[in-house]
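Asker: Please find data-v9.cif (mmCIF, C-alpha atoms; chains and numbers go by the auth columns) on the next line:
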```
data_input
#
loop_
_atom_site.group_PDB
_atom_site.id
_atom_site.type_symbol
_atom_site.label_atom_id
_atom_site.label_comp_id
_atom_site.label_asym_id
_atom_site.label_seq_id
_atom_site.Cartn_x
_atom_site.Cartn_y
_atom_site.Cartn_z
_atom_site.B_iso_or_equiv
_atom_site.auth_seq_id
_atom_site.auth_asym_id
ATOM 1 C CA MET A 1 0.000 0.000 0.000 0.00 1 A
ATOM 2 C CA VAL A 2 1.222 3.393 -0.951 0.00 2 A
ATOM 3 C CA LYS A 3 0.643 5.978 1.660 0.00 3 A
ATOM 4 C CA LYS A 4 -0.778 9.256 0.552 0.00 4 A
ATOM 5 C CA ILE A 5 1.277 12.137 1.752 0.00 5 A
ATOM 6 C CA LYS A 6 -0.445 15.418 2.279 0.00 6 A
ATOM 7 C CA LEU A 7 1.598 18.479 1.650 0.00 7 A
ATOM 8 C CA LYS A 8 0.845 21.123 4.179 0.00 8 A
ATOM 9 C CA VAL A 9 0.979 24.656 2.861 0.00 9 A
ATOM 10 C CA SER A 10 -0.240 27.218 5.272 0.00 10 A
ATOM 11 C CA SER A 11 -2.869 29.662 4.084 0.00 11 A
ATOM 12 C CA ARG A 12 -0.794 32.508 5.445 0.00 12 A
ATOM 13 C CA LEU A 13 2.080 31.577 3.154 0.00 13 A
ATOM 14 C CA LEU A 14 -0.254 31.349 0.166 0.00 14 A
ATOM 15 C CA LYS A 15 -1.617 34.799 0.928 0.00 15 A
ATOM 16 C CA LYS A 16 1.884 36.162 1.156 0.00 16 A
ATOM 17 C CA LYS A 17 2.733 34.747 -2.259 0.00 17 A
ATOM 18 C CA THR A 18 -0.339 36.219 -3.930 0.00 18 A
ATOM 19 C CA ARG A 19 0.287 39.583 -2.286 0.00 19 A
ATOM 20 C CA LYS A 20 3.802 39.631 -3.637 0.00 20 A
ATOM 21 C CA SER A 21 2.703 38.842 -7.183 0.00 21 A
ATOM 22 C CA THR A 22 0.136 41.662 -7.207 0.00 22 A
ATOM 23 C CA THR A 23 2.207 44.348 -5.544 0.00 23 A
ATOM 24 C CA ASN A 24 5.389 43.775 -7.429 0.00 24 A
ATOM 25 C CA LEU A 25 3.875 44.618 -10.827 0.00 25 A
ATOM 26 C CA PRO A 26 5.974 47.307 -12.459 0.00 26 A
ATOM 27 C CA LYS A 27 4.128 50.644 -12.613 0.00 27 A
ATOM 28 C CA ARG A 28 4.566 52.483 -15.855 0.00 28 A
ATOM 29 C CA CYS A 29 3.642 55.967 -16.926 0.00 29 A
ATOM 30 C CA ARG A 30 1.244 55.600 -19.837 0.00 30 A
ATOM 31 C CA PHE A 31 2.265 58.945 -21.356 0.00 31 A
ATOM 32 C CA SER A 32 6.029 58.644 -21.509 0.00 32 A
ATOM 33 C CA GLY A 33 6.975 57.364 -24.937 0.00 33 A
ATOM 34 C CA ASN A 34 3.422 57.836 -26.218 0.00 34 A
ATOM 35 C CA PRO A 35 3.101 61.291 -27.820 0.00 35 A
ATOM 36 C CA GLU A 36 -0.400 60.621 -29.188 0.00 36 A
ATOM 37 C CA LEU A 37 -1.811 59.921 -25.727 0.00 37 A
ATOM 38 C CA GLU A 38 -0.107 63.050 -24.453 0.00 38 A
ATOM 39 C CA LYS A 39 -2.257 65.099 -26.838 0.00 39 A
ATOM 40 C CA GLU A 40 -5.386 63.860 -25.070 0.00 40 A
ATOM 41 C CA ILE A 41 -4.479 65.750 -21.886 0.00 41 A
ATOM 42 C CA ASP A 42 -6.901 68.629 -22.255 0.00 42 A
ATOM 43 C CA TYR A 43 -9.356 70.296 -19.892 0.00 43 A
ATOM 44 C CA LYS A 44 -12.162 69.774 -22.439 0.00 44 A
ATOM 45 C CA ASN A 45 -11.570 66.005 -22.594 0.00 45 A
ATOM 46 C CA VAL A 46 -13.454 65.350 -19.376 0.00 46 A
ATOM 47 C CA ASP A 47 -14.059 61.635 -19.874 0.00 47 A
ATOM 48 C CA PHE A 48 -10.330 61.011 -20.125 0.00 48 A
ATOM 49 C CA LEU A 49 -9.502 63.176 -17.100 0.00 49 A
ATOM 50 C CA ARG A 50 -12.090 61.289 -15.011 0.00 50 A
ATOM 51 C CA SER A 51 -9.776 58.266 -15.057 0.00 51 A
ATOM 52 C CA PHE A 52 -7.374 60.276 -12.860 0.00 52 A
ATOM 53 C CA LEU A 53 -9.987 61.077 -10.212 0.00 53 A
ATOM 54 C CA THR A 54 -11.224 59.097 -7.249 0.00 54 A
ATOM 55 C CA GLU A 55 -14.912 58.367 -6.635 0.00 55 A
ATOM 56 C CA ARG A 56 -15.083 61.465 -4.466 0.00 56 A
ATOM 57 C CA GLY A 57 -13.556 63.616 -7.209 0.00 57 A
ATOM 58 C CA LYS A 58 -10.067 63.960 -5.745 0.00 58 A
ATOM 59 C CA ILE A 59 -6.978 63.815 -7.956 0.00 59 A
ATOM 60 C CA LEU A 60 -5.264 60.418 -7.831 0.00 60 A
ATOM 61 C CA PRO A 61 -1.691 60.561 -6.520 0.00 61 A
ATOM 62 C CA ALA A 62 1.152 59.673 -8.876 0.00 62 A
ATOM 63 C CA ARG A 63 2.130 56.692 -6.736 0.00 63 A
ATOM 64 C CA ILE A 64 -1.211 55.093 -7.601 0.00 64 A
ATOM 65 C CA SER A 65 -1.705 56.271 -11.195 0.00 65 A
ATOM 66 C CA GLY A 66 1.954 55.661 -12.029 0.00 66 A
ATOM 67 C CA ASN A 67 2.410 58.975 -13.828 0.00 67 A
ATOM 68 C CA THR A 68 5.760 60.665 -13.956 0.00 68 A
ATOM 69 C CA THR A 69 6.042 64.046 -12.232 0.00 69 A
ATOM 70 C CA LYS A 70 5.888 65.943 -15.517 0.00 70 A
ATOM 71 C CA TYR A 71 2.582 64.400 -16.615 0.00 71 A
ATOM 72 C CA GLN A 72 1.120 64.417 -13.111 0.00 72 A
ATOM 73 C CA ARG A 73 1.583 68.202 -13.023 0.00 73 A
ATOM 74 C CA LEU A 74 0.048 68.568 -16.488 0.00 74 A
ATOM 75 C CA ILE A 75 -2.994 66.461 -15.593 0.00 75 A
ATOM 76 C CA ALA A 76 -3.530 68.239 -12.278 0.00 76 A
ATOM 77 C CA LYS A 77 -3.509 71.596 -14.085 0.00 77 A
ATOM 78 C CA GLU A 78 -6.060 70.488 -16.673 0.00 78 A
ATOM 79 C CA ILE A 79 -8.328 68.963 -14.002 0.00 79 A
ATOM 80 C CA LYS A 80 -8.261 72.246 -12.082 0.00 80 A
ATOM 81 C CA LYS A 81 -9.189 74.150 -15.258 0.00 81 A
ATOM 82 C CA ALA A 82 -12.120 71.804 -15.862 0.00 82 A
ATOM 83 C CA ARG A 83 -13.237 72.278 -12.253 0.00 83 A
ATOM 84 C CA ILE A 84 -13.342 76.064 -12.698 0.00 84 A
ATOM 85 C CA MET A 85 -15.591 75.656 -15.732 0.00 85 A
ATOM 86 C CA ALA A 86 -17.837 73.236 -13.769 0.00 86 A
ATOM 87 C CA LEU A 87 -16.993 70.342 -16.104 0.00 87 A
ATOM 88 C CA LEU A 88 -15.522 68.305 -13.232 0.00 88 A
ATOM 89 C CA PRO A 89 -16.464 68.332 -9.537 0.00 89 A
ATOM 90 C CA TYR A 90 -14.265 69.639 -6.736 0.00 90 A
ATOM 91 C CA ASN A 91 -15.612 67.071 -4.347 0.00 91 A
ATOM 92 C CA ALA A 92 -18.648 64.882 -4.781 0.00 92 A
ATOM 93 C CA VAL A 93 -20.264 61.733 -3.502 0.00 93 A
ATOM 94 C CA THR A 94 -21.356 60.629 -6.967 0.00 94 A
ATOM 95 C CA PHE A 95 -20.584 62.215 -10.326 0.00 95 A
ATOM 96 C CA MET B 1 -0.177 85.222 -34.473 0.00 1 B
ATOM 97 C CA ILE B 2 -1.132 83.309 -31.335 0.00 2 B
ATOM 98 C CA LEU B 3 -4.074 80.905 -31.246 0.00 3 B
ATOM 99 C CA TYR B 4 -6.483 81.481 -28.370 0.00 4 B
ATOM 100 C CA GLU B 5 -9.707 79.898 -27.255 0.00 5 B
ATOM 101 C CA THR B 6 -12.394 81.021 -24.840 0.00 6 B
ATOM 102 C CA LEU B 7 -14.809 78.610 -23.275 0.00 7 B
ATOM 103 C CA ILE B 8 -17.963 80.456 -22.255 0.00 8 B
ATOM 104 C CA LEU B 9 -20.517 79.064 -19.802 0.00 9 B
ATOM 105 C CA THR B 10 -23.902 80.709 -20.166 0.00 10 B
ATOM 106 C CA VAL B 11 -27.254 80.372 -18.443 0.00 11 B
ATOM 107 C CA PRO B 12 -29.397 77.409 -19.606 0.00 12 B
ATOM 108 C CA GLU B 13 -32.261 79.699 -20.704 0.00 13 B
ATOM 109 C CA ILE B 14 -30.190 81.381 -23.427 0.00 14 B
ATOM 110 C CA THR B 15 -32.142 81.989 -26.651 0.00 15 B
ATOM 111 C CA ASN B 16 -30.891 81.683 -30.223 0.00 16 B
ATOM 112 C CA ASP B 17 -30.975 85.479 -30.660 0.00 17 B
ATOM 113 C CA GLU B 18 -28.872 85.972 -27.554 0.00 18 B
ATOM 114 C CA SER B 19 -26.308 83.400 -28.693 0.00 19 B
ATOM 115 C CA LYS B 20 -26.116 85.087 -32.114 0.00 20 B
ATOM 116 C CA GLN B 21 -25.613 88.446 -30.441 0.00 21 B
ATOM 117 C CA LEU B 22 -22.853 86.965 -28.298 0.00 22 B
ATOM 118 C CA GLU B 23 -21.094 85.710 -31.429 0.00 23 B
ATOM 119 C CA LYS B 24 -21.535 89.087 -33.153 0.00 24 B
ATOM 120 C CA GLN B 25 -20.125 91.023 -30.208 0.00 25 B
ATOM 121 C CA ILE B 26 -17.080 88.744 -30.024 0.00 26 B
ATOM 122 C CA ASP B 27 -16.588 89.280 -33.770 0.00 27 B
ATOM 123 C CA THR B 28 -16.686 93.066 -33.378 0.00 28 B
ATOM 124 C CA VAL B 29 -14.131 92.956 -30.549 0.00 29 B
ATOM 125 C CA LEU B 30 -11.851 90.797 -32.694 0.00 30 B
ATOM 126 C CA GLN B 31 -12.205 93.067 -35.742 0.00 31 B
ATOM 127 C CA LYS B 32 -11.500 96.124 -33.620 0.00 32 B
ATOM 128 C CA HIS B 33 -8.117 94.751 -32.553 0.00 33 B
ATOM 129 C CA LYS B 34 -7.170 92.975 -35.798 0.00 34 B
ATOM 130 C CA GLY B 35 -7.907 89.500 -34.522 0.00 35 B
ATOM 131 C CA VAL B 36 -9.066 86.657 -36.769 0.00 36 B
ATOM 132 C CA LYS B 37 -11.975 84.429 -35.793 0.00 37 B
ATOM 133 C CA VAL B 38 -11.283 80.734 -36.363 0.00 38 B
ATOM 134 C CA SER B 39 -14.464 79.101 -35.081 0.00 39 B
ATOM 135 C CA PHE B 40 -17.447 79.566 -32.790 0.00 40 B
ATOM 136 C CA ASP B 41 -19.073 76.330 -31.607 0.00 41 B
ATOM 137 C CA ARG B 42 -22.165 75.777 -29.516 0.00 42 B
ATOM 138 C CA TRP B 43 -21.487 72.703 -27.399 0.00 43 B
ATOM 139 C CA GLY B 44 -25.018 72.402 -26.074 0.00 44 B
ATOM 140 C CA LYS B 45 -26.717 72.020 -22.738 0.00 45 B
ATOM 141 C CA TYR B 46 -24.872 70.275 -19.894 0.00 46 B
ATOM 142 C CA LYS B 47 -25.501 69.311 -16.304 0.00 47 B
ATOM 143 C CA LEU B 48 -22.872 71.165 -14.307 0.00 48 B
ATOM 144 C CA ALA B 49 -20.597 69.369 -11.858 0.00 49 B
ATOM 145 C CA GLN B 50 -21.494 71.940 -9.213 0.00 50 B
ATOM 146 C CA PRO B 51 -24.133 74.701 -9.238 0.00 51 B
ATOM 147 C CA VAL B 52 -22.940 78.009 -10.708 0.00 52 B
ATOM 148 C CA ASN B 53 -24.959 81.139 -9.848 0.00 53 B
ATOM 149 C CA LYS B 54 -27.659 78.805 -8.479 0.00 54 B
ATOM 150 C CA ASN B 55 -27.946 77.060 -11.876 0.00 55 B
ATOM 151 C CA ASN B 56 -27.561 73.285 -12.126 0.00 56 B
ATOM 152 C CA TYR B 57 -27.479 73.374 -15.933 0.00 57 B
ATOM 153 C CA GLY B 58 -25.582 75.511 -18.422 0.00 58 B
ATOM 154 C CA VAL B 59 -24.855 75.994 -22.127 0.00 59 B
ATOM 155 C CA TYR B 60 -21.243 76.028 -23.319 0.00 60 B
ATOM 156 C CA PHE B 61 -19.765 77.970 -26.255 0.00 61 B
ATOM 157 C CA LEU B 62 -16.230 77.648 -27.568 0.00 62 B
ATOM 158 C CA ALA B 63 -14.745 80.563 -29.503 0.00 63 B
ATOM 159 C CA ARG B 64 -11.343 80.239 -31.160 0.00 64 B
ATOM 160 C CA PHE B 65 -9.383 83.139 -32.589 0.00 65 B
ATOM 161 C CA GLU B 66 -5.949 84.314 -33.642 0.00 66 B
ATOM 162 C CA ALA B 67 -4.469 87.466 -32.168 0.00 67 B
ATOM 163 C CA ASN B 68 -1.454 89.655 -32.935 0.00 68 B
ATOM 164 C CA GLN B 69 1.109 89.924 -30.208 0.00 69 B
ATOM 165 C CA GLU B 70 0.933 93.744 -30.376 0.00 70 B
ATOM 166 C CA ASN B 71 -2.820 93.963 -29.708 0.00 71 B
ATOM 167 C CA LEU B 72 -3.054 90.893 -27.512 0.00 72 B
ATOM 168 C CA ASP B 73 -3.400 92.608 -24.138 0.00 73 B
ATOM 169 C CA ILE B 74 -6.031 95.101 -25.312 0.00 74 B
ATOM 170 C CA LEU B 75 -7.992 92.422 -27.138 0.00 75 B
ATOM 171 C CA LEU B 76 -8.163 90.127 -24.133 0.00 76 B
ATOM 172 C CA ALA B 77 -9.026 93.025 -21.829 0.00 77 B
ATOM 173 C CA ASP B 78 -11.849 94.167 -24.134 0.00 78 B
ATOM 174 C CA LEU B 79 -13.156 90.636 -24.487 0.00 79 B
ATOM 175 C CA SER B 80 -13.203 90.024 -20.749 0.00 80 B
ATOM 176 C CA GLU B 81 -14.825 93.440 -20.228 0.00 81 B
ATOM 177 C CA TYR B 82 -17.633 92.537 -22.613 0.00 82 B
ATOM 178 C CA LEU B 83 -18.181 89.090 -21.101 0.00 83 B
ATOM 179 C CA THR B 84 -18.072 90.222 -17.469 0.00 84 B
ATOM 180 C CA LEU B 85 -19.949 93.521 -17.724 0.00 85 B
ATOM 181 C CA LYS B 86 -22.114 93.821 -20.840 0.00 86 B
ATOM 182 C CA ALA B 87 -23.106 90.168 -21.148 0.00 87 B
ATOM 183 C CA ALA B 88 -23.244 89.556 -17.395 0.00 88 B
ATOM 184 C CA ASN B 89 -26.908 88.517 -17.506 0.00 89 B
ATOM 185 C CA ILE B 90 -26.097 85.668 -19.933 0.00 90 B
ATOM 186 C CA VAL B 91 -22.488 84.675 -19.218 0.00 91 B
ATOM 187 C CA MET B 92 -21.810 82.884 -15.932 0.00 92 B
ATOM 188 C CA ARG B 93 -18.138 81.999 -16.436 0.00 93 B
ATOM 189 C CA PHE B 94 -15.492 82.123 -19.146 0.00 94 B
ATOM 190 C CA MET B 95 -11.874 81.116 -19.548 0.00 95 B
ATOM 191 C CA ASN B 96 -9.195 82.191 -22.050 0.00 96 B
ATOM 192 C CA THR B 97 -6.484 79.664 -22.869 0.00 97 B
ATOM 193 C CA VAL B 98 -3.597 79.573 -25.316 0.00 98 B
ATOM 194 C CA LEU B 99 -3.824 76.746 -27.825 0.00 99 B
ATOM 195 C CA ASP B 100 -0.828 74.559 -28.416 0.00 100 B
ATOM 196 C CA PRO B 101 -0.096 74.643 -32.192 0.00 101 B
ATOM 197 C CA LYS B 102 1.301 71.080 -31.994 0.00 102 B
ATOM 198 C CA LYS B 103 -2.023 69.663 -30.796 0.00 103 B
ATOM 199 C CA GLY B 104 -4.045 70.943 -33.738 0.00 104 B
ATOM 200 C CA LEU B 105 -7.601 72.191 -33.837 0.00 105 B
ATOM 201 C CA ASN B 106 -9.360 68.877 -33.180 0.00 106 B
ATOM 202 C CA TYR B 107 -10.657 68.342 -29.685 0.00 107 B
ATOM 203 C CA LEU B 108 -12.860 66.018 -27.666 0.00 108 B
ATOM 204 C CA LYS B 109 -15.767 67.276 -25.596 0.00 109 B
ATOM 205 C CA PRO B 110 -18.225 65.639 -23.191 0.00 110 B
ATOM 206 C CA SER B 111 -21.526 64.517 -24.676 0.00 111 B
ATOM 207 C CA PRO B 112 -24.322 67.075 -24.145 0.00 112 B
ATOM 208 C CA LEU B 113 -27.851 66.506 -22.866 0.00 113 B
ATOM 209 C CA ASP B 114 -30.587 65.814 -25.372 0.00 114 B
ATOM 210 C CA GLU B 115 -32.213 69.148 -26.245 0.00 115 B
ATOM 211 C CA SER B 116 -34.400 67.978 -29.124 0.00 116 B
ATOM 212 C CA ALA B 117 -38.161 68.347 -28.698 0.00 117 B
ATOM 213 C CA ARG B 118 -39.923 65.038 -28.007 0.00 118 B
ATOM 214 C CA ASP B 119 -42.945 63.850 -29.929 0.00 119 B
ATOM 215 C CA ILE B 120 -45.940 63.463 -27.591 0.00 120 B
ATOM 216 C CA ASP B 121 -47.363 60.397 -29.371 0.00 121 B
ATOM 217 C CA LYS B 122 -44.024 58.609 -29.110 0.00 122 B
ATOM 218 C CA PHE B 123 -43.720 59.517 -25.408 0.00 123 B
ATOM 219 C CA LEU B 124 -47.216 58.145 -24.708 0.00 124 B
ATOM 220 C CA LYS B 125 -46.453 54.927 -26.618 0.00 125 B
ATOM 221 C CA ASP B 126 -43.171 54.396 -24.760 0.00 126 B
ATOM 222 C CA ASN B 127 -44.826 54.868 -21.375 0.00 127 B
ATOM 223 C CA LYS B 128 -47.969 52.874 -22.365 0.00 128 B
ATOM 224 C CA MET B 129 -50.263 55.784 -21.638 0.00 129 B
ATOM 225 C CA ASP B 130 -53.600 56.551 -23.350 0.00 130 B
ATOM 226 C CA GLY B 131 -53.275 60.276 -22.900 0.00 131 B
ATOM 227 C CA LEU B 132 -52.151 62.909 -20.453 0.00 132 B
ATOM 228 C CA ILE B 133 -55.694 64.056 -19.592 0.00 133 B
ATOM 229 C CA GLY B 134 -57.089 60.517 -19.382 0.00 134 B
ATOM 230 C CA THR B 135 -54.430 59.439 -16.905 0.00 135 B
ATOM 231 C CA ALA B 136 -55.075 62.505 -14.794 0.00 136 B
ATOM 232 C CA ASN B 137 -58.756 61.568 -14.482 0.00 137 B
ATOM 233 C CA LYS B 138 -57.853 57.980 -13.578 0.00 138 B
ATOM 234 C CA SER B 139 -55.452 59.036 -10.888 0.00 139 B
ATOM 235 C CA SER B 140 -57.849 61.577 -9.450 0.00 140 B
ATOM 236 C CA ALA B 141 -60.680 59.094 -8.847 0.00 141 B
ATOM 237 C CA PRO B 142 -62.053 60.897 -5.794 0.00 142 B
ATOM 238 C CA VAL B 143 -63.259 63.677 -8.081 0.00 143 B
ATOM 239 C CA ALA B 144 -66.803 62.207 -7.899 0.00 144 B
ATOM 240 C CA VAL B 145 -66.724 62.761 -4.157 0.00 145 B
ATOM 241 C CA ASN B 146 -65.926 66.377 -4.745 0.00 146 B
ATOM 242 C CA HIS B 147 -68.957 66.710 -7.027 0.00 147 B
ATOM 243 C CA ALA B 148 -71.204 65.463 -4.234 0.00 148 B
ATOM 244 C CA THR B 149 -69.701 67.920 -1.856 0.00 149 B
ATOM 245 C CA THR B 150 -70.190 70.815 -4.273 0.00 150 B
ATOM 246 C CA GLU B 151 -73.982 70.622 -4.062 0.00 151 B
ATOM 247 C CA PRO B 152 -74.298 72.004 -0.556 0.00 152 B
ATOM 248 C CA GLU B 153 -71.896 74.721 -1.518 0.00 153 B
ATOM 249 C CA ASP B 154 -74.241 75.781 -4.332 0.00 154 B
ATOM 250 C CA ASP B 155 -77.088 75.833 -1.886 0.00 155 B
ATOM 251 C CA ALA B 156 -75.043 77.861 0.455 0.00 156 B
ATOM 252 C CA CYS B 157 -74.329 80.286 -2.347 0.00 157 B
ATOM 253 C CA CYS B 158 -78.015 80.563 -3.105 0.00 158 B
ATOM 254 C CA ASP B 159 -78.767 81.086 0.536 0.00 159 B
ATOM 255 C CA HIS B 160 -76.158 83.747 0.624 0.00 160 B
ATOM 256 C CA GLU B 161 -77.711 85.472 -2.401 0.00 161 B
ATOM 257 C CA GLU B 162 -81.151 85.305 -0.875 0.00 162 B
ATOM 258 C CA ALA B 163 -79.827 86.780 2.300 0.00 163 B
#
```
For this file, write the structure as structure tokens.
Answerer:
Amino acid sequence: MVKKIKLKVSSRLLKKKTRKSTTNLPKRCRFSGNPELEKEIDYKNVDFLRSFLTERGKILPARISGNTTKYQRLIAKEIKKARIMALLPYNAVTF
Amino acid sequence: MILYETLILTVPEITNDESKQLEKQIDTVLQKHKGVKVSFDRWGKYKLAQPVNKNNYGVYFLARFEANQENLDILLADLSEYLTLKAANIVMRFMNTVLDPKKGLNYLKPSPLDESARDIDKFLKDNKMDGLIGTANKSSAPVAVNHATTEPEDDACCDHEEA
């Protein structure tokens, strides 16, 4: 008779592995090396700018969006312009 | 020549005559200071992200023009003077921005609200309604009760007249 051997892998270790695989993804700026996408940064292009806002209407930080400092500044400027013209909210529950 | 654009936010109740007058006045300001009009677009009606001058809706206009560097300051001053003072009852907000010549004249804008007039028959069909008046009668069923109550009122009136 061949004995079945159970391999014990703790759930904690499994969680750790999955966490590592998700967090260690390389973050890339979508604008650098993409001049056509750079042209879309405009205060009139509200639908595009919405992807850089949170649900409450706050600007996403660069550490989350992955933008380089140059493009983060550009996007923040355009979002603020759109806010002045009431195209984007300053702060909202739903928009 | 420098390319400029002004995005104008007006009140939602703006009429066609008023919008034409707005375009004309901008043209006259541009001609006065040797500016060249490139385009004047009516974006349409939009729901604003936050209320402006107690209005939840607004109509946007985008005017694009070229200006000489010599007359630039006077032109922009005159334009802002017209929009803030003379057209203050229509214009809620406006913003002048320099256009990047590399980007070109094409742009993307948010989709406006539907302003077209609806056909009543189509609306009734969609909502499975016989008619606006018919539904009102159905909903206000206790009308018959009111009729019964009106009789004593008539009597009272008559009594009042007799008195």
Asker: Decode the PyMOL selection byres ((chain A) within 7 of (chain B)) for the given file into explicit residues and return them as a list of chain:residue names.
Answerer: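 Matching residues under the PyMOL selection byres ((chain A) within 7 of (chain B)) are A:Lys39, A:Lys44, A:Asn45, A:Val46, A:Asp47, A:Met85, A:Ala86, A:Leu87, A:Leu88, A:Pro89.
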Asker: Kindly resolve the PyMOL selection byres ((chain B and resi 29-36) around 7) on the present coordinates and return the residues as an mmCIF file with C-alpha atoms, in the frame of the given file.
Answerer:
```
data_model
loop_
_atom_site.group_PDB
_atom_site.id
_atom_site.type_symbol
_atom_site.label_atom_id
_atom_site.label_comp_id
_atom_site.auth_asym_id
_atom_site.auth_seq_id
_atom_site.Cartn_x
_atom_site.Cartn_y
_atom_site.Cartn_z
ATOM 1 C CA GLN B 25 -20.125 91.023 -30.208
ATOM 2 C CA ILE B 26 -17.080 88.744 -30.024
ATOM 3 C CA ASP B 27 -16.588 89.280 -33.770
ATOM 4 C CA THR B 28 -16.686 93.066 -33.378
ATOM 5 C CA LYS B 37 -11.975 84.429 -35.793
ATOM 6 C CA VAL B 38 -11.283 80.734 -36.363
ATOM 7 C CA PHE B 65 -9.383 83.139 -32.589
ATOM 8 C CA GLU B 66 -5.949 84.314 -33.642
ATOM 9 C CA ALA B 67 -4.469 87.466 -32.168
ATOM 10 C CA ASN B 68 -1.454 89.655 -32.935
ATOM 11 C CA ASN B 71 -2.820 93.963 -29.708
ATOM 12 C CA LEU B 75 -7.992 92.422 -27.138
ATOM 13 C CA ASP B 78 -11.849 94.167 -24.134
ATOM 14 C CA LEU B 79 -13.156 90.636 -24.487
#
```
Asker: So that I can see what lies close to stretch 49-54 of chain A, please list as a ChimeraX atom specification the residues with an atom at most 10 Å from it, counting all atoms listed in the file and leaving out residues fewer than 3 positions away in the same chain.
Answerer: /A:40-46,57-62,64-65,67,72,75-76,78-79,82,88-89,91-92,95
Asker: At what distance in Å, to one decimal, does atom CA of B:Leu62 lie from atom CA of B:Met1?
Answerer: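 Distance between the two atoms: 19.0 Å.
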Asker: Any idea what the distance is between atom CA of B:Leu132 and atom CA of B:Glu13?
Answerer: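 Separation of atom CA of B:Leu132 and atom CA of B:Glu13: 26.0 Å.
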Asker: Which one of A:Arg12, A:Lys17, A:Lys3, A:Lys27 sits closest to A:Arg63 if you count only C-alpha atoms?
Answerer: A:Lys27
Asker: How many Å lie between atom CA of A:Asn34 and atom CA of B:Thr6, rounded to one decimal?
Answerer: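 Atom CA of B:Thr6 lies 28.1 Å from atom CA of A:Asn34.
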Asker: Would you give the centre and edge lengths, in Å to one decimal, of a box along x, y and z around the listed atoms of stretch 94-109 of chain B, with 8 Å added to each side, as AutoDock Vina command-line options?
Answerer:
```
--center_x -7.2 --center_y 74.1 --center_z -26.5 --size_x 33.1 --size_y 32.2 --size_z 30.7
```
Asker: Which of these residues is nearest to A:Lys81, using all atoms listed in the file: B:Arg42, B:Ile90, B:Leu105, B:Asn96?
Answerer: B:Asn96
